[in-house]
file run36.pdb (PDB, C-alpha atoms)
ATOM      1  CA  MET A  20      -3.468 -27.300  -0.728
ATOM      2  CA  LEU A  21      -6.250 -25.192   0.728
ATOM      3  CA  LYS A  22      -7.904 -22.882  -1.740
ATOM      4  CA  PRO A  23     -10.093 -19.957  -0.602
ATOM      5  CA  SER A  24     -13.226 -18.745  -2.339
ATOM      6  CA  PHE A  25     -13.149 -15.889  -4.822
ATOM      7  CA  GLU A  26     -15.510 -13.069  -3.861
ATOM      8  CA  GLN A  27     -16.946 -10.847  -6.567
ATOM      9  CA  ILE A  28     -17.330  -7.314  -5.202
ATOM     10  CA  ALA A  29     -20.601  -5.988  -6.571
ATOM     11  CA  ASN A  30     -20.526  -2.458  -7.908
ATOM     12  CA  THR A  31     -23.517  -0.981  -6.152
ATOM     13  CA  GLU A  32     -22.039   2.516  -6.226
ATOM     14  CA  LYS A  33     -21.932   3.111  -9.998
ATOM     15  CA  GLU A  34     -20.590   6.621  -9.671
ATOM     16  CA  SER A  35     -17.850   5.754  -7.209
ATOM     17  CA  SER A  36     -14.554   3.886  -7.619
ATOM     18  CA  LEU A  37     -14.381   3.426  -3.839
ATOM     19  CA  LYS A  38     -16.811   0.953  -2.289
ATOM     20  CA  SER A  39     -17.720   1.406   1.369
ATOM     21  CA  LEU A  40     -19.795  -0.823   3.623
ATOM     22  CA  MET A  41     -21.086  -0.554   7.175
ATOM     23  CA  LEU A  42     -21.500  -4.094   8.482
ATOM     24  CA  ASP A  43     -23.782  -4.480  11.511
ATOM     25  CA  LEU A  44     -24.442  -8.192  12.019
ATOM     26  CA  PRO A  45     -25.188 -10.689  14.789
ATOM     27  CA  SER A  46     -21.672 -12.006  14.120
ATOM     28  CA  PHE A  47     -18.979 -12.203  11.450
ATOM     29  CA  GLU A  48     -19.492 -15.702  10.075
ATOM     30  CA  PRO A  49     -16.419 -17.734   9.025
ATOM     31  CA  PHE A  50     -15.838 -17.172   5.292
ATOM     32  CA  TRP A  51     -12.377 -17.823   3.845
ATOM     33  CA  HIS A  52     -12.224 -15.761   0.652
ATOM     34  CA  TYR A  53     -10.243 -13.356  -1.503
ATOM     35  CA  HIS A  54     -10.909 -10.631  -4.079
ATOM     36  CA  PRO A  55      -8.814  -8.385  -6.363
ATOM     37  CA  GLU A  56      -9.781  -5.293  -4.379
ATOM     38  CA  TYR A  57      -7.654  -3.956  -1.534
ATOM     39  CA  GLU A  58      -9.595  -3.765   1.721
ATOM     40  CA  LEU A  59      -9.301  -1.497   4.769
ATOM     41  CA  THR A  60     -11.372  -2.748   7.719
ATOM     42  CA  TYR A  61     -11.993  -1.096  11.080
ATOM     43  CA  ILE A  62     -13.744  -3.139  13.786
ATOM     44  CA  ILE A  63     -16.223  -0.936  15.641
ATOM     45  CA  ARG A  64     -17.634  -3.717  17.809
ATOM     46  CA  GLY A  65     -16.987  -7.424  18.198
ATOM     47  CA  SER A  66     -14.157  -9.862  18.807
ATOM     48  CA  GLY A  67     -12.882 -13.184  17.561
ATOM     49  CA  LYS A  68     -10.164 -14.627  15.346
ATOM     50  CA  ARG A  69      -8.762 -12.857  12.298
ATOM     51  CA  ILE A  70      -7.186 -15.116   9.683
ATOM     52  CA  VAL A  71      -5.009 -13.484   7.000
ATOM     53  CA  GLY A  72      -3.039 -15.825   4.779
ATOM     54  CA  ASP A  73      -1.134 -18.100   7.169
ATOM     55  CA  ASN A  74      -1.569 -15.728  10.134
ATOM     56  CA  ILE A  75      -4.147 -16.303  12.889
ATOM     57  CA  GLU A  76      -4.631 -13.657  15.577
ATOM     58  CA  SER A  77      -7.351 -12.323  17.843
ATOM     59  CA  PHE A  78      -9.256  -9.205  16.855
ATOM     60  CA  ARG A  79     -11.457  -6.908  18.898
ATOM     61  CA  GLU A  80     -12.873  -3.393  18.898
ATOM     62  CA  GLY A  81     -10.342  -0.988  17.392
ATOM     63  CA  ASP A  82      -8.757  -3.520  15.027
ATOM     64  CA  LEU A  83      -7.563  -1.770  11.838
ATOM     65  CA  VAL A  84      -6.219  -3.899   8.981
ATOM     66  CA  LEU A  85      -5.282  -3.184   5.367
ATOM     67  CA  LEU A  86      -5.379  -6.237   3.084
ATOM     68  CA  GLY A  87      -3.731  -6.560  -0.296
ATOM     69  CA  SER A  88      -5.243  -7.692  -3.564
ATOM     70  CA  ASN A  89      -6.178 -11.402  -3.648
ATOM     71  CA  LEU A  90      -4.980 -12.008  -0.080
ATOM     72  CA  PRO A  91      -7.188 -14.716   1.506
ATOM     73  CA  HIS A  92      -8.811 -13.701   4.785
ATOM     74  CA  SER A  93     -11.644 -14.333   7.225
ATOM     75  CA  TRP A  94     -13.011 -12.656  10.369
ATOM     76  CA  ASN A  95     -14.569 -15.243  12.710
ATOM     77  CA  SER A  96     -16.614 -13.854  15.599
ATOM     78  CA  GLU A  97     -16.682 -15.384  19.054
ATOM     79  CA  LYS A  98     -19.904 -16.530  20.623
ATOM     80  CA  SER A  99     -21.334 -14.313  23.330
ATOM     81  CA  LEU A 100     -23.691 -15.060  26.187
ATOM     82  CA  ASN A 101     -25.312 -11.731  25.407
ATOM     83  CA  ASP A 102     -27.711 -12.455  22.533
ATOM     84  CA  ALA A 103     -28.162  -8.723  21.933
ATOM     85  CA  GLU A 104     -24.444  -8.196  21.232
ATOM     86  CA  THR A 105     -23.588  -7.684  17.578
ATOM     87  CA  SER A 106     -20.490  -7.284  15.435
ATOM     88  CA  LYS A 107     -19.942  -4.050  13.540
ATOM     89  CA  ALA A 108     -17.266  -2.858  11.125
ATOM     90  CA  VAL A 109     -16.704  -0.207   8.472
ATOM     91  CA  VAL A 110     -15.020  -1.508   5.329
ATOM     92  CA  PHE A 111     -13.516   0.274   2.319
ATOM     93  CA  GLN A 112     -12.667  -1.712  -0.825
ATOM     94  CA  PHE A 113     -10.818  -0.403  -3.851
ATOM     95  CA  ARG A 114      -8.709  -1.367  -6.860
ATOM     96  CA  SER A 115      -5.115  -0.212  -7.269
ATOM     97  CA  LYS A 116      -6.208   2.168 -10.050
ATOM     98  CA  LEU A 117      -7.863   4.307  -7.368
ATOM     99  CA  ILE A 118      -4.375   5.563  -6.484
ATOM    100  CA  PRO A 119      -2.684   7.730  -9.172
ATOM    101  CA  ASP A 120       0.560   6.229 -10.437
ATOM    102  CA  ALA A 121       3.667   7.875  -9.000
ATOM    103  CA  SER A 122       5.642   6.974 -12.138
ATOM    104  CA  SER A 123       3.161   8.906 -14.297
ATOM    105  CA  GLY A 124       3.661  12.313 -12.772
ATOM    106  CA  PHE A 125       2.105  11.923  -9.310
ATOM    107  CA  PRO A 126       5.034  11.514  -6.905
ATOM    108  CA  GLU A 127       2.791  12.573  -4.017
ATOM    109  CA  PHE A 128       1.262   9.078  -4.075
ATOM    110  CA  GLU A 129       4.524   7.155  -3.841
ATOM    111  CA  GLY A 130       4.129   6.574  -0.100
ATOM    112  CA  ILE A 131       0.650   5.113  -0.594
ATOM    113  CA  HIS A 132       1.933   2.759  -3.299
ATOM    114  CA  ASN A 133       4.630   1.588  -0.892
ATOM    115  CA  LEU A 134       1.914   0.928   1.684
ATOM    116  CA  LEU A 135      -0.077  -1.108  -0.848
ATOM    117  CA  GLN A 136       2.985  -3.284  -1.429
ATOM    118  CA  LEU A 137       3.176  -4.012   2.297
ATOM    119  CA  ALA A 138      -0.554  -4.782   2.230
ATOM    120  CA  GLN A 139       0.127  -7.880   0.113
ATOM    121  CA  ARG A 140       1.019  -9.537   3.429
ATOM    122  CA  GLY A 141      -1.711  -7.710   5.373
ATOM    123  CA  VAL A 142      -0.957  -4.745   7.662
ATOM    124  CA  SER A 143      -2.341  -4.512  11.191
ATOM    125  CA  PHE A 144      -1.936  -1.017  12.664
ATOM    126  CA  HIS A 145      -1.244  -0.574  16.357
ATOM    127  CA  ASN A 146      -4.075   0.653  18.560
ATOM    128  CA  GLN A 147      -2.616   4.082  19.263
ATOM    129  CA  HIS A 148      -3.072   4.833  15.552
ATOM    130  CA  SER A 149      -6.142   2.769  14.722
ATOM    131  CA  THR A 150      -8.700   4.513  16.944
ATOM    132  CA  ALA A 151      -8.298   7.972  15.403
ATOM    133  CA  THR A 152      -8.223   6.508  11.885
ATOM    134  CA  GLY A 153     -11.300   4.419  12.632
ATOM    135  CA  LYS A 154     -13.284   7.474  13.705
ATOM    136  CA  ASN A 155     -12.291   9.225  10.473
ATOM    137  CA  LEU A 156     -13.382   6.206   8.431
ATOM    138  CA  ILE A 157     -16.793   6.218  10.114
ATOM    139  CA  LYS A 158     -17.226   9.910   9.255
ATOM    140  CA  LEU A 159     -15.975   9.294   5.728
ATOM    141  CA  PHE A 160     -18.564   6.573   5.172
ATOM    142  CA  LYS A 161     -21.294   9.242   5.142
ATOM    143  CA  ALA A 162     -19.435  11.680   2.860
ATOM    144  CA  SER A 163     -20.237  12.409  -0.780
ATOM    145  CA  ASP A 164     -18.327  10.508  -3.469
ATOM    146  CA  PHE A 165     -15.689  13.177  -4.145
ATOM    147  CA  GLU A 166     -15.183  14.002  -0.464
ATOM    148  CA  LYS A 167     -14.990  10.286   0.284
ATOM    149  CA  LEU A 168     -12.318   9.756  -2.356
ATOM    150  CA  THR A 169     -10.104  12.672  -1.352
ATOM    151  CA  GLY A 170     -10.593  11.920   2.337
ATOM    152  CA  PHE A 171      -9.624   8.304   1.762
ATOM    153  CA  TRP A 172      -6.446   9.367  -0.024
ATOM    154  CA  LEU A 173      -5.554  11.467   3.022
ATOM    155  CA  ILE A 174      -6.145   8.518   5.364
ATOM    156  CA  LEU A 175      -3.990   6.184   3.271
ATOM    157  CA  ASN A 176      -1.285   8.854   3.146
ATOM    158  CA  GLN A 177      -1.343   9.151   6.950
ATOM    159  CA  LEU A 178      -1.174   5.373   7.341
ATOM    160  CA  SER A 179       1.752   5.190   4.907
ATOM    161  CA  LYS A 180       3.817   7.354   7.279
ATOM    162  CA  LEU A 181       3.218   5.225  10.370
ATOM    163  CA  ARG A 182       5.785   2.846  11.783
ATOM    164  CA  GLY A 183       3.477   1.262  14.341
ATOM    165  CA  TYR A 184       2.216  -1.767  12.463
ATOM    166  CA  ASP A 185       2.666  -5.512  12.052
ATOM    167  CA  LEU A 186       2.804  -7.521   8.837
ATOM    168  CA  LEU A 187       0.501 -10.526   9.077
ATOM    169  CA  ALA A 188       1.060 -13.267   6.485
ATOM    170  CA  SER A 189       4.562 -14.705   6.422
ATOM    171  CA  GLU A 190       7.004 -13.447   3.817
ATOM    172  CA  SER A 191       7.035 -16.839   2.119
ATOM    173  CA  TYR A 192       3.235 -17.186   2.008
ATOM    174  CA  LEU A 193       1.945 -17.891  -1.491
ATOM    175  CA  PRO A 194      -1.855 -18.183  -1.673
ATOM    176  CA  SER A 195      -3.366 -20.788  -3.969
ATOM    177  CA  LEU A 196      -6.188 -18.900  -5.664
ATOM    178  CA  ASN A 197      -8.547 -21.585  -6.858
ATOM    179  CA  LYS A 198     -12.174 -22.283  -5.956
ATOM    180  CA  TYR A 199     -11.794 -26.058  -5.925
ATOM    181  CA  ASN A 200     -11.125 -26.583  -2.197
ATOM    182  CA  MET A 201     -12.730 -23.469  -0.716
ATOM    183  CA  GLU A 202     -15.645 -25.483   0.668
ATOM    184  CA  ARG A 203     -13.224 -27.567   2.716
ATOM    185  CA  ILE A 204     -11.740 -24.763   4.762
ATOM    186  CA  ASN A 205     -15.040 -22.961   5.232
ATOM    187  CA  ALA A 206     -16.601 -26.207   6.453
ATOM    188  CA  ILE A 207     -13.839 -26.478   9.070
ATOM    189  CA  PHE A 208     -14.120 -22.860  10.228
ATOM    190  CA  VAL A 209     -17.919 -23.020  10.469
ATOM    191  CA  TYR A 210     -17.862 -26.356  12.298
ATOM    192  CA  VAL A 211     -15.292 -25.191  14.858
ATOM    193  CA  ALA A 212     -17.181 -21.921  15.418
ATOM    194  CA  LYS A 213     -20.322 -23.912  16.278
ATOM    195  CA  HIS A 214     -18.819 -26.882  18.139
ATOM    196  CA  PHE A 215     -15.547 -25.743  19.763
ATOM    197  CA  ALA A 216     -17.020 -26.335  23.243
ATOM    198  CA  GLU A 217     -17.559 -29.998  22.338
ATOM    199  CA  ASN A 218     -15.045 -32.828  21.895
ATOM    200  CA  ILE A 219     -13.690 -32.318  18.359
ATOM    201  CA  SER A 220     -11.170 -34.883  17.153
ATOM    202  CA  ILE A 221      -8.840 -34.597  14.178
ATOM    203  CA  SER A 222     -10.779 -37.468  12.602
ATOM    204  CA  THR A 223     -14.007 -35.457  12.869
ATOM    205  CA  ALA A 224     -12.397 -32.459  11.154
ATOM    206  CA  ALA A 225     -10.753 -34.684   8.526
ATOM    207  CA  ARG A 226     -14.126 -36.164   7.560
ATOM    208  CA  LEU A 227     -15.383 -32.668   6.757
ATOM    209  CA  THR A 228     -12.651 -32.324   4.140
ATOM    210  CA  HIS A 229     -12.836 -35.921   2.838
ATOM    211  CA  LEU A 230      -9.163 -36.388   3.690
ATOM    212  CA  THR A 231      -7.310 -38.918   5.801
ATOM    213  CA  ASP A 232      -6.194 -37.726   9.228
ATOM    214  CA  SER A 233      -2.577 -37.266   8.177
ATOM    215  CA  SER A 234      -3.475 -35.524   4.899
ATOM    216  CA  PHE A 235      -5.852 -33.209   6.742
ATOM    217  CA  CYS A 236      -3.159 -32.229   9.260
ATOM    218  CA  ARG A 237      -0.732 -31.319   6.458
ATOM    219  CA  PHE A 238      -3.516 -29.522   4.585
ATOM    220  CA  PHE A 239      -4.541 -27.375   7.569
ATOM    221  CA  LYS A 240      -0.994 -26.515   8.648
ATOM    222  CA  SER A 241       0.065 -25.516   5.110
ATOM    223  CA  VAL A 242      -2.622 -22.832   5.021
ATOM    224  CA  THR A 243      -2.941 -21.499   8.554
ATOM    225  CA  GLY A 244       0.611 -21.942   9.778
ATOM    226  CA  GLN A 245      -0.804 -23.750  12.816
ATOM    227  CA  SER A 246      -1.823 -27.328  13.488
ATOM    228  CA  PHE A 247      -5.549 -27.967  13.787
ATOM    229  CA  THR A 248      -5.128 -28.642  17.523
ATOM    230  CA  GLU A 249      -3.317 -25.320  18.011
ATOM    231  CA  TYR A 250      -6.092 -23.510  16.122
ATOM    232  CA  LEU A 251      -8.829 -25.199  18.142
ATOM    233  CA  ASN A 252      -7.083 -24.415  21.440
ATOM    234  CA  ALA A 253      -6.623 -20.765  20.404
ATOM    235  CA  ILE A 254     -10.361 -20.493  19.670
ATOM    236  CA  ARG A 255     -11.212 -22.040  23.040
ATOM    237  CA  ILE A 256      -8.818 -19.826  25.021
ATOM    238  CA  SER A 257     -10.134 -16.759  23.224
ATOM    239  CA  HIS A 258     -13.686 -17.748  24.185
ATOM    240  CA  PHE A 259     -12.630 -18.287  27.801
ATOM    241  CA  CYS A 260     -11.220 -14.745  27.932
ATOM    242  CA  LYS A 261     -14.458 -13.369  26.516
ATOM    243  CA  LEU A 262     -16.544 -15.255  29.095
ATOM    244  CA  LEU A 263     -14.257 -13.985  31.837
ATOM    245  CA  SER A 264     -14.819 -10.389  30.743
ATOM    246  CA  GLU A 265     -18.589 -10.923  30.806
ATOM    247  CA  HIS A 266     -18.759 -12.989  34.028
ATOM    248  CA  PRO A 267     -15.609 -12.443  36.124
ATOM    249  CA  GLU A 268     -17.340 -13.901  39.190
ATOM    250  CA  THR A 269     -17.699 -17.364  37.590
ATOM    251  CA  SER A 270     -15.168 -20.007  38.638
ATOM    252  CA  ILE A 271     -12.262 -20.679  36.303
ATOM    253  CA  PRO A 272     -12.990 -24.444  35.965
ATOM    254  CA  GLN A 273     -16.566 -23.659  34.959
ATOM    255  CA  LEU A 274     -15.438 -21.126  32.342
ATOM    256  CA  ALA A 275     -12.884 -23.616  31.054
ATOM    257  CA  TYR A 276     -15.544 -26.333  30.733
ATOM    258  CA  GLN A 277     -17.854 -23.949  28.853
ATOM    259  CA  SER A 278     -14.961 -23.224  26.497
ATOM    260  CA  GLY A 279     -14.364 -26.871  25.614
ATOM    261  CA  PHE A 280     -11.735 -27.999  28.152
ATOM    262  CA  ASN A 281     -12.528 -31.080  30.240
ATOM    263  CA  SER A 282      -9.187 -31.319  32.071
ATOM    264  CA  THR A 283      -8.025 -28.585  34.411
ATOM    265  CA  THR A 284      -4.383 -29.653  34.077
ATOM    266  CA  HIS A 285      -4.565 -29.623  30.298
ATOM    267  CA  TYR A 286      -6.372 -26.281  30.312
ATOM    268  CA  ASN A 287      -3.811 -24.612  32.602
ATOM    269  CA  ARG A 288      -0.927 -25.821  30.419
ATOM    270  CA  ILE A 289      -2.528 -24.624  27.164
ATOM    271  CA  PHE A 290      -3.503 -21.283  28.713
ATOM    272  CA  GLN A 291       0.057 -20.601  29.874
ATOM    273  CA  GLN A 292       1.428 -21.531  26.436
ATOM    274  CA  ILE A 293      -0.870 -19.045  24.699
ATOM    275  CA  LYS A 294      -1.197 -16.245  27.265
ATOM    276  CA  GLY A 295       2.093 -16.555  29.147
ATOM    277  CA  CYS A 296       0.433 -16.633  32.576
ATOM    278  CA  THR A 297      -1.911 -18.812  34.611
ATOM    279  CA  PRO A 298      -5.710 -18.393  34.320
ATOM    280  CA  SER A 299      -5.800 -17.132  37.910
ATOM    281  CA  ASP A 300      -3.164 -14.473  37.224
ATOM    282  CA  PHE A 301      -5.022 -13.469  34.074
ATOM    283  CA  ARG A 302      -8.250 -12.966  36.034
ATOM    284  CA  LYS A 303      -6.423 -10.914  38.680
ATOM    285  CA  GLN A 304      -4.989  -8.682  35.954
ATOM    286  CA  PHE A 305      -8.425  -8.304  34.380
ATOM    287  CA  LEU A 306     -10.152  -7.436  37.667
ATOM    288  CA  LYS A 307      -7.430  -4.921  38.496
ATOM    289  CA  MET A 308      -7.846  -3.321  35.085
ATOM    290  CA  ILE A 309     -11.640  -2.862  35.360
ATOM    291  CA  GLU A 310     -11.324  -1.462  38.896
ATOM    292  CA  THR A 311      -8.953   1.340  37.882
TER     293      THR A 311
END

call {"tool": "encode", "arguments": {"input": "run36.pdb", "output": "structure tokens"}}
result
Amino acid sequence: MLKPSFEQIANTEKESSLKSLMLDLPSFEPFWHYHPEYELTYIIRGSGKRIVGDNIESFREGDLVLLGSNLPHSWNSEKSLNDAETSKAVVFQFRSKLIPDASSGFPEFEGIHNLLQLAQRGVSFHNQHSTATGKNLIKLFKASDFEKLTGFWLILNQLSKLRGYDLLASESYLPSLNKYNMERINAIFVYVAKHFAENISISTAARLTHLTDSSFCRFFKSVTGQSFTEYLNAIRISHFCKLLSEHPETSIPQLAYQSGFNSTTHYNRIFQQIKGCTPSDFRKQFLKMIET
């Protein structure tokens, strides 16, 4: 069973019970980990794959996610042809004790506690809500400790009243919180992030984990909810879409080859499975969108 790495959140803000970070990096490197703190993350810039428990989805600018305590997760950036492009996010981390207990005379916080229960599966808020909240989080990052705390309570209270959200990890997901195998999954994520455009076989991935091919397939599926092939194809299709947005004039076969697909027939079939349309239709929709 895959086991993520425990991350110790350093207390660099001795006077504050709410830790805030502004991440501005060349990319979000694959790092499958967990920590006892809850985490609210807003993506200011960047795109890639977000992995929360057994859920794998794309993320991009405007992504707003609340993660529960000890919920394994990773943000994996996509490669870009623009070397100057970076990934940026504002992150707030906190323990449950930051929120006054509703059963101890603070009923005003009951809605927030209900939200924190949902966060044990990970909560992704819909874009119509995330943009305004994200802007408030960026402003809050620069506030004084007391203003930051009270402002953060208000944001959590607003989020607790929303109905536009998706739960990420499956209801039956039970993370195995042990450091023993964390190097295995991180080795896979890092390798795929660097080599997805190459020919990667299941045997190659299995060797990274020191497992047989069949054991590796069971191992990967039990954690991500997808087969390794499905995960690899999702990464490649996501990269194709990013290349298309940067170079819409480039031919589809060339973009597919740069994304790791050597067969046009295979690529078209996988693209339709994931996106629900042909690559040509997708490009037409994209060009129409940028022209309006």

call {"tool": "resolve_selection", "arguments": {"input": "run36.pdb", "expression": "the PyMOL selection byres ((chain A and resi 66) around 12)", "output": "MDAnalysis selection string"}}
result
chainID A and resid 45:48 61:65 67:69 76:82 94:99 104:108 254 257:258 260:262 264

call {"tool": "closest_residue", "arguments": {"input": "run36.pdb", "among": "A:His266, A:Arg226, A:Arg302, A:His148", "to": "A:Tyr210", "atoms": "only C-alpha atoms"}}
result
A:Arg226

call {"tool": "atom_distance", "arguments": {"input": "run36.pdb", "atom1": "atom CA of A:Pro91", "atom2": "atom CA of A:Phe235"}}
result
19.3 Å

call {"tool": "closest_atom_pairs", "arguments": {"input": "run36.pdb", "of": "stretch 227-284 of chain A", "to": "stretch 176-189 of chain A", "cutoff": "12 Å", "atoms": "all atoms listed in the file", "output": "CSV"}}
result
residue,atom,partner,partner_atom,distance
A:Ser241,CA,A:Ser189,CA,11.8
A:Val242,CA,A:Ala188,CA,10.4
A:Thr243,CA,A:Ala188,CA,9.4
A:Gly244,CA,A:Ser189,CA,8.9

call {"tool": "write_last_selection", "arguments": {"input": "run36.pdb", "atoms": "C-alpha atoms", "output": "compact mmCIF listing (two decimals), in the coordinates of the input"}}
result
# COMPACT_ATOMS: atom_id res chain seq x y z
CA SER A 241 0.06 -25.52 5.11
CA VAL A 242 -2.62 -22.83 5.02
CA THR A 243 -2.94 -21.50 8.55
CA GLY A 244 0.61 -21.94 9.78

call {"tool": "residues_around", "arguments": {"input": "run36.pdb", "residues": "A:Phe128", "least_positions_apart": "4", "cutoff": "8 Å", "atoms": "all atoms listed in the file", "output": "short mmCIF file (atom, residue, chain, number, x, y, z; two decimals) with C-alpha atoms, keeping the file's coordinate frame"}}
result
data_model
loop_
_atom_site.label_atom_id
_atom_site.label_comp_id
_atom_site.auth_asym_id
_atom_site.auth_seq_id
_atom_site.Cartn_x
_atom_site.Cartn_y
_atom_site.Cartn_z
CA ILE A 118 -4.38 5.56 -6.48
CA PRO A 119 -2.68 7.73 -9.17
CA ASP A 120 0.56 6.23 -10.44
CA ALA A 121 3.67 7.88 -9.00
CA HIS A 132 1.93 2.76 -3.30
CA ASN A 176 -1.28 8.85 3.15
#

call {"tool": "resolve_selection", "arguments": {"input": "run36.pdb", "expression": "the PyMOL selection byres ((chain A and resi 217) around 9)", "output": "list in words"}}
result
His214, Phe215, Ala216, Asn218, Ile219, Gln277, Ser278, Gly279 and Phe280 of chain A

call {"tool": "residues_around", "arguments": {"input": "run36.pdb", "residues": "A:Pro298", "least_positions_apart": "5", "cutoff": "8 Å", "atoms": "all atoms listed in the file", "output": "MDAnalysis selection string"}}
result
chainID A and resid 271 287 290:291

call {"tool": "closest_residue", "arguments": {"input": "run36.pdb", "among": "A:Ala224, A:Arg255, A:Thr231, A:Arg288", "to": "A:Ala275", "atoms": "all atoms listed in the file"}}
result
A:Arg255
